[in-house]
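Only one structure is covered here, and it is reproduced in the block below.
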Amino acid sequence: MLAIGEFSRLTHLSVRTLRRYHEAGLLEPADVDDATGYRSYSADQIPTAQVIHRLRELDVPLPDVRRILRSPDPHTRAALVADHLQRLEAQLDRTRAAVASLQRLLRPDPAPAEVELRAVPAATVAAVEDDVTHDEVIAWYAGAMAELDAAVKEPTGVPGGLYDNALFEEGSGHVLVYRPTADPPRSGRVRPLTLPAVELAVTTHPGDHDDIDVTYGVLGAWVVANALAVAGPVRETYLVGPRDTADPLAWRTEIGWPVFRVAPR
């Protein structure tokens, strides 16, 4: 038997942590002295303690650690660990994207915005539209675009979307996604629509959408600096996206704000 101090040195888990794991039912001592309360551990418990140590280093929550340890099925244990690792990888991707975006924002001399004014003619499209909350946009977009892909057999251009100002200002607003086509069908939520002609201030966002707000800010600053007023929903055009390549670095999204020139005072 090993005293708690000895077990602590062997496992690199502090005495305080071992006591906490005991209280949580994660790692119960092999023996507890009734008179003194001293905890003793067996050498057979060292591997279990090391597994707990590794799981906690990966920030696995204590309830999940308990489920992993108590599961007799190695496949179940592996699946629980794999699920947590996927969550960690997603968090790491978000962290990397946030760091890259922050570095871009903190550059002393940011690259000037490449913005053009473009007159976009009216267009016949197949569309899906609805009122959506900001948190639901990504999932809603995926479902709507899947319906469009299934319904539109001969697209005449790349897909796009219109996003109501209220979506950004109030967290909920009207969203419309579309695929240009000469003969738009009616199928499920898909219906024919004519997008009106509009003049846009357009710039291109390169890469993943995690920091697309930075490009929105650059475009907005350009609009203000060039005495252009913004009106109507923002348009996004997905020149290259996840449907085209799994490499986020290759994605290209055009952002277009409807504008008109402010009359001089």
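In the structure tokens, chains take the letters A, B, ... in the order shown, each chain's residues start at 1, and ligands count up from 1 in the order shown.
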**Request:** Mind checking which residues fall within 12 Å of stretch 78-90 of chain A, counting only C-alpha atoms, ignoring those fewer than 4 positions away in the same chain, and posting them as a PyMOL selection string?
**Result:** chain A and resi 51-52+54-61+63-74+94-97
**Message:** One number please: atom CA of A:Arg9 to atom CA of A:Ala43, in Å, one decimal.
**Reply:**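 Pair atom CA of A:Arg9 / atom CA of A:Ala43 returns 12.4 Å.
Here atom CA of A:Thr17 is placed at a distance of 28.3 Å from atom CA of A:His75.
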**Message:** Quick check for you: according to DSSP on this backbone, which residues of stretch 32-251 of chain A are classed as alpha helix (DSSP H)? Reply as a ChimeraX atom specification.
**Reply:** /A:46-57,62-70,74-105,137-151,165-169,212-225
**Message:** List the spatial neighbours of stretch 123-135 of chain A as an MDAnalysis selection string - criterion: any atom at most 6 Å away, only C-alpha atoms, same-chain residues fewer than 2 positions off excluded.
**Reply:** chainID A and resid 137 171:181 184 189:195
Go through stretch 79-140 of chain A and flag each residue having an atom no more than 12 Å from stretch 249-258 of chain A; for those, report the closest pair of atoms plus their distance in Å to one decimal, using only C-alpha atoms, ordered by chain and rising number, as CSV.
residue,atom,partner,partner_atom,distance
A:Ala97,CA,A:Leu249,CA,11.4
A:Glu114,CA,A:Glu254,CA,11.3
A:Val115,CA,A:Gly256,CA,9.5
A:Glu116,CA,A:Gly256,CA,9.4
A:Leu117,CA,A:Gly256,CA,9.1
A:Arg118,CA,A:Gly256,CA,8.8
A:Ala119,CA,A:Pro258,CA,9.7
A:Val120,CA,A:Pro258,CA,9.9
Can you write out the residues you just picked, keeping N, CA, C and O atoms, as a compact mmCIF listing (two decimals), in the first residue's frame?
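Here's the written file selection-v5.txt:
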# COMPACT_ATOMS: atom_id res chain seq x y z
N ALA A 97 -8.39 31.06 -35.77
CA ALA A 97 -9.04 32.05 -36.62
C ALA A 97 -9.12 33.40 -35.91
O ALA A 97 -8.91 34.45 -36.53
N GLU A 114 -9.94 47.07 -51.34
CA GLU A 114 -10.18 47.03 -52.78
C GLU A 114 -11.69 46.93 -52.99
O GLU A 114 -12.28 45.87 -52.90
N VAL A 115 -12.30 48.08 -53.24
CA VAL A 115 -13.75 48.18 -53.37
C VAL A 115 -14.09 48.75 -54.73
O VAL A 115 -13.42 49.66 -55.22
N GLU A 116 -15.12 48.21 -55.34
CA GLU A 116 -15.58 48.75 -56.62
C GLU A 116 -17.08 49.01 -56.53
O GLU A 116 -17.81 48.34 -55.79
N LEU A 117 -17.52 50.01 -57.27
CA LEU A 117 -18.95 50.24 -57.44
C LEU A 117 -19.41 49.44 -58.65
O LEU A 117 -18.79 49.49 -59.71
N ARG A 118 -20.48 48.70 -58.48
CA ARG A 118 -20.92 47.80 -59.55
C ARG A 118 -22.43 47.92 -59.73
O ARG A 118 -23.19 47.79 -58.75
N ALA A 119 -22.86 48.13 -60.94
CA ALA A 119 -24.28 48.12 -61.25
C ALA A 119 -24.69 46.69 -61.59
O ALA A 119 -24.23 46.12 -62.59
N VAL A 120 -25.51 46.11 -60.74
CA VAL A 120 -25.94 44.71 -60.92
C VAL A 120 -27.34 44.70 -61.51
O VAL A 120 -28.27 45.28 -60.94
**Message:** Given only C-alpha atoms as the basis, pick out the residue of A:Leu62, A:Ala182, A:Ala3, A:Val230 nearest to A:Leu26.
**Reply:** A:Leu62
**Counting only C-alpha atoms, the residue of A:Leu200, A:Leu162, A:Val259, A:Val218 that sits nearest A:Ala231** = A:Val259
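Atom to atom, atom CA of A:Gln50 and atom CA of A:Ala35 stand 29.0 Å apart.
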Residues near A:Asn226, cut-off 12 Å, only C-alpha atoms, skip fewer than 2 positions along chain, as a JSON list (two decimals) with N, CA, C and O atoms, in the first residue's frame:
[["chain", "number", "residue", "atom", "x", "y", "z"],
["A", 113, "ALA", "N", -8.53, 48.96, -48.72],
["A", 113, "ALA", "CA", -9.63, 48.15, -49.21],
["A", 113, "ALA", "C", -9.72, 48.22, -50.73],
["A", 113, "ALA", "O", -9.55, 49.29, -51.32],
["A", 115, "VAL", "N", -12.30, 48.08, -53.24],
["A", 115, "VAL", "CA", -13.75, 48.18, -53.37],
["A", 115, "VAL", "C", -14.09, 48.75, -54.73],
["A", 115, "VAL", "O", -13.42, 49.66, -55.22],
["A", 116, "GLU", "N", -15.12, 48.21, -55.34],
["A", 116, "GLU", "CA", -15.58, 48.75, -56.62],
["A", 116, "GLU", "C", -17.08, 49.01, -56.53],
["A", 116, "GLU", "O", -17.81, 48.34, -55.79],
["A", 117, "LEU", "N", -17.52, 50.01, -57.27],
["A", 117, "LEU", "CA", -18.95, 50.24, -57.44],
["A", 117, "LEU", "C", -19.41, 49.44, -58.65],
["A", 117, "LEU", "O", -18.79, 49.49, -59.71],
["A", 201, "ALA", "N", -21.58, 48.57, -53.58],
["A", 201, "ALA", "CA", -20.16, 48.71, -53.26],
["A", 201, "ALA", "C", -19.68, 47.31, -52.89],
["A", 201, "ALA", "O", -20.20, 46.70, -51.96],
["A", 219, "LEU", "N", -15.29, 47.37, -45.59],
["A", 219, "LEU", "CA", -16.21, 47.86, -46.62],
["A", 219, "LEU", "C", -17.04, 49.02, -46.09],
["A", 219, "LEU", "O", -17.23, 50.03, -46.78],
["A", 220, "GLY", "N", -17.52, 48.90, -44.86],
["A", 220, "GLY", "CA", -18.31, 49.97, -44.28],
["A", 220, "GLY", "C", -17.52, 51.26, -44.14],
["A", 220, "GLY", "O", -18.04, 52.36, -44.42],
["A", 221, "ALA", "N", -16.25, 51.16, -43.74],
["A", 221, "ALA", "CA", -15.40, 52.35, -43.63],
["A", 221, "ALA", "C", -15.20, 53.00, -44.99],
["A", 221, "ALA", "O", -15.19, 54.22, -45.11],
["A", 222, "TRP", "N", -15.03, 52.17, -46.02],
["A", 222, "TRP", "CA", -14.87, 52.71, -47.38],
["A", 222, "TRP", "C", -16.13, 53.45, -47.81],
["A", 222, "TRP", "O", -16.07, 54.54, -48.41],
["A", 223, "VAL", "N", -17.28, 52.87, -47.50],
["A", 223, "VAL", "CA", -18.55, 53.50, -47.87],
["A", 223, "VAL", "C", -18.66, 54.88, -47.22],
["A", 223, "VAL", "O", -19.02, 55.85, -47.88],
["A", 224, "VAL", "N", -18.34, 54.95, -45.92],
["A", 224, "VAL", "CA", -18.43, 56.23, -45.21],
["A", 224, "VAL", "C", -17.43, 57.23, -45.80],
["A", 224, "VAL", "O", -17.75, 58.40, -46.02],
["A", 228, "LEU", "N", -20.97, 57.59, -49.49],
["A", 228, "LEU", "CA", -22.01, 56.74, -50.04],
["A", 228, "LEU", "C", -22.92, 56.27, -48.91],
["A", 228, "LEU", "O", -22.44, 55.85, -47.86],
["A", 229, "ALA", "N", -24.20, 56.36, -49.11],
["A", 229, "ALA", "CA", -25.15, 55.92, -48.09],
["A", 229, "ALA", "C", -25.59, 54.49, -48.40],
["A", 229, "ALA", "O", -25.75, 54.12, -49.57],
["A", 230, "VAL", "N", -25.78, 53.70, -47.36],
["A", 230, "VAL", "CA", -26.15, 52.30, -47.53],
["A", 230, "VAL", "C", -27.66, 52.14, -47.39],
["A", 230, "VAL", "O", -28.28, 52.73, -46.51],
["A", 259, "VAL", "N", -25.93, 50.89, -52.43],
["A", 259, "VAL", "CA", -25.50, 52.26, -52.12],
["A", 259, "VAL", "C", -26.11, 53.23, -53.10],
["A", 259, "VAL", "O", -26.59, 52.86, -54.16],
["A", 260, "PHE", "N", -26.07, 54.49, -52.72],
["A", 260, "PHE", "CA", -26.31, 55.59, -53.65],
["A", 260, "PHE", "C", -25.50, 56.78, -53.17],
["A", 260, "PHE", "O", -25.19, 56.90, -51.98],
["A", 261, "ARG", "N", -25.14, 57.61, -54.11],
["A", 261, "ARG", "CA", -24.29, 58.74, -53.75],
["A", 261, "ARG", "C", -25.12, 59.79, -53.01],
["A", 261, "ARG", "O", -26.24, 60.10, -53.37],
["A", 262, "VAL", "N", -24.50, 60.32, -51.95],
["A", 262, "VAL", "CA", -25.16, 61.36, -51.17],
["A", 262, "VAL", "C", -25.06, 62.66, -51.93],
["A", 262, "VAL", "O", -23.98, 63.06, -52.39]]
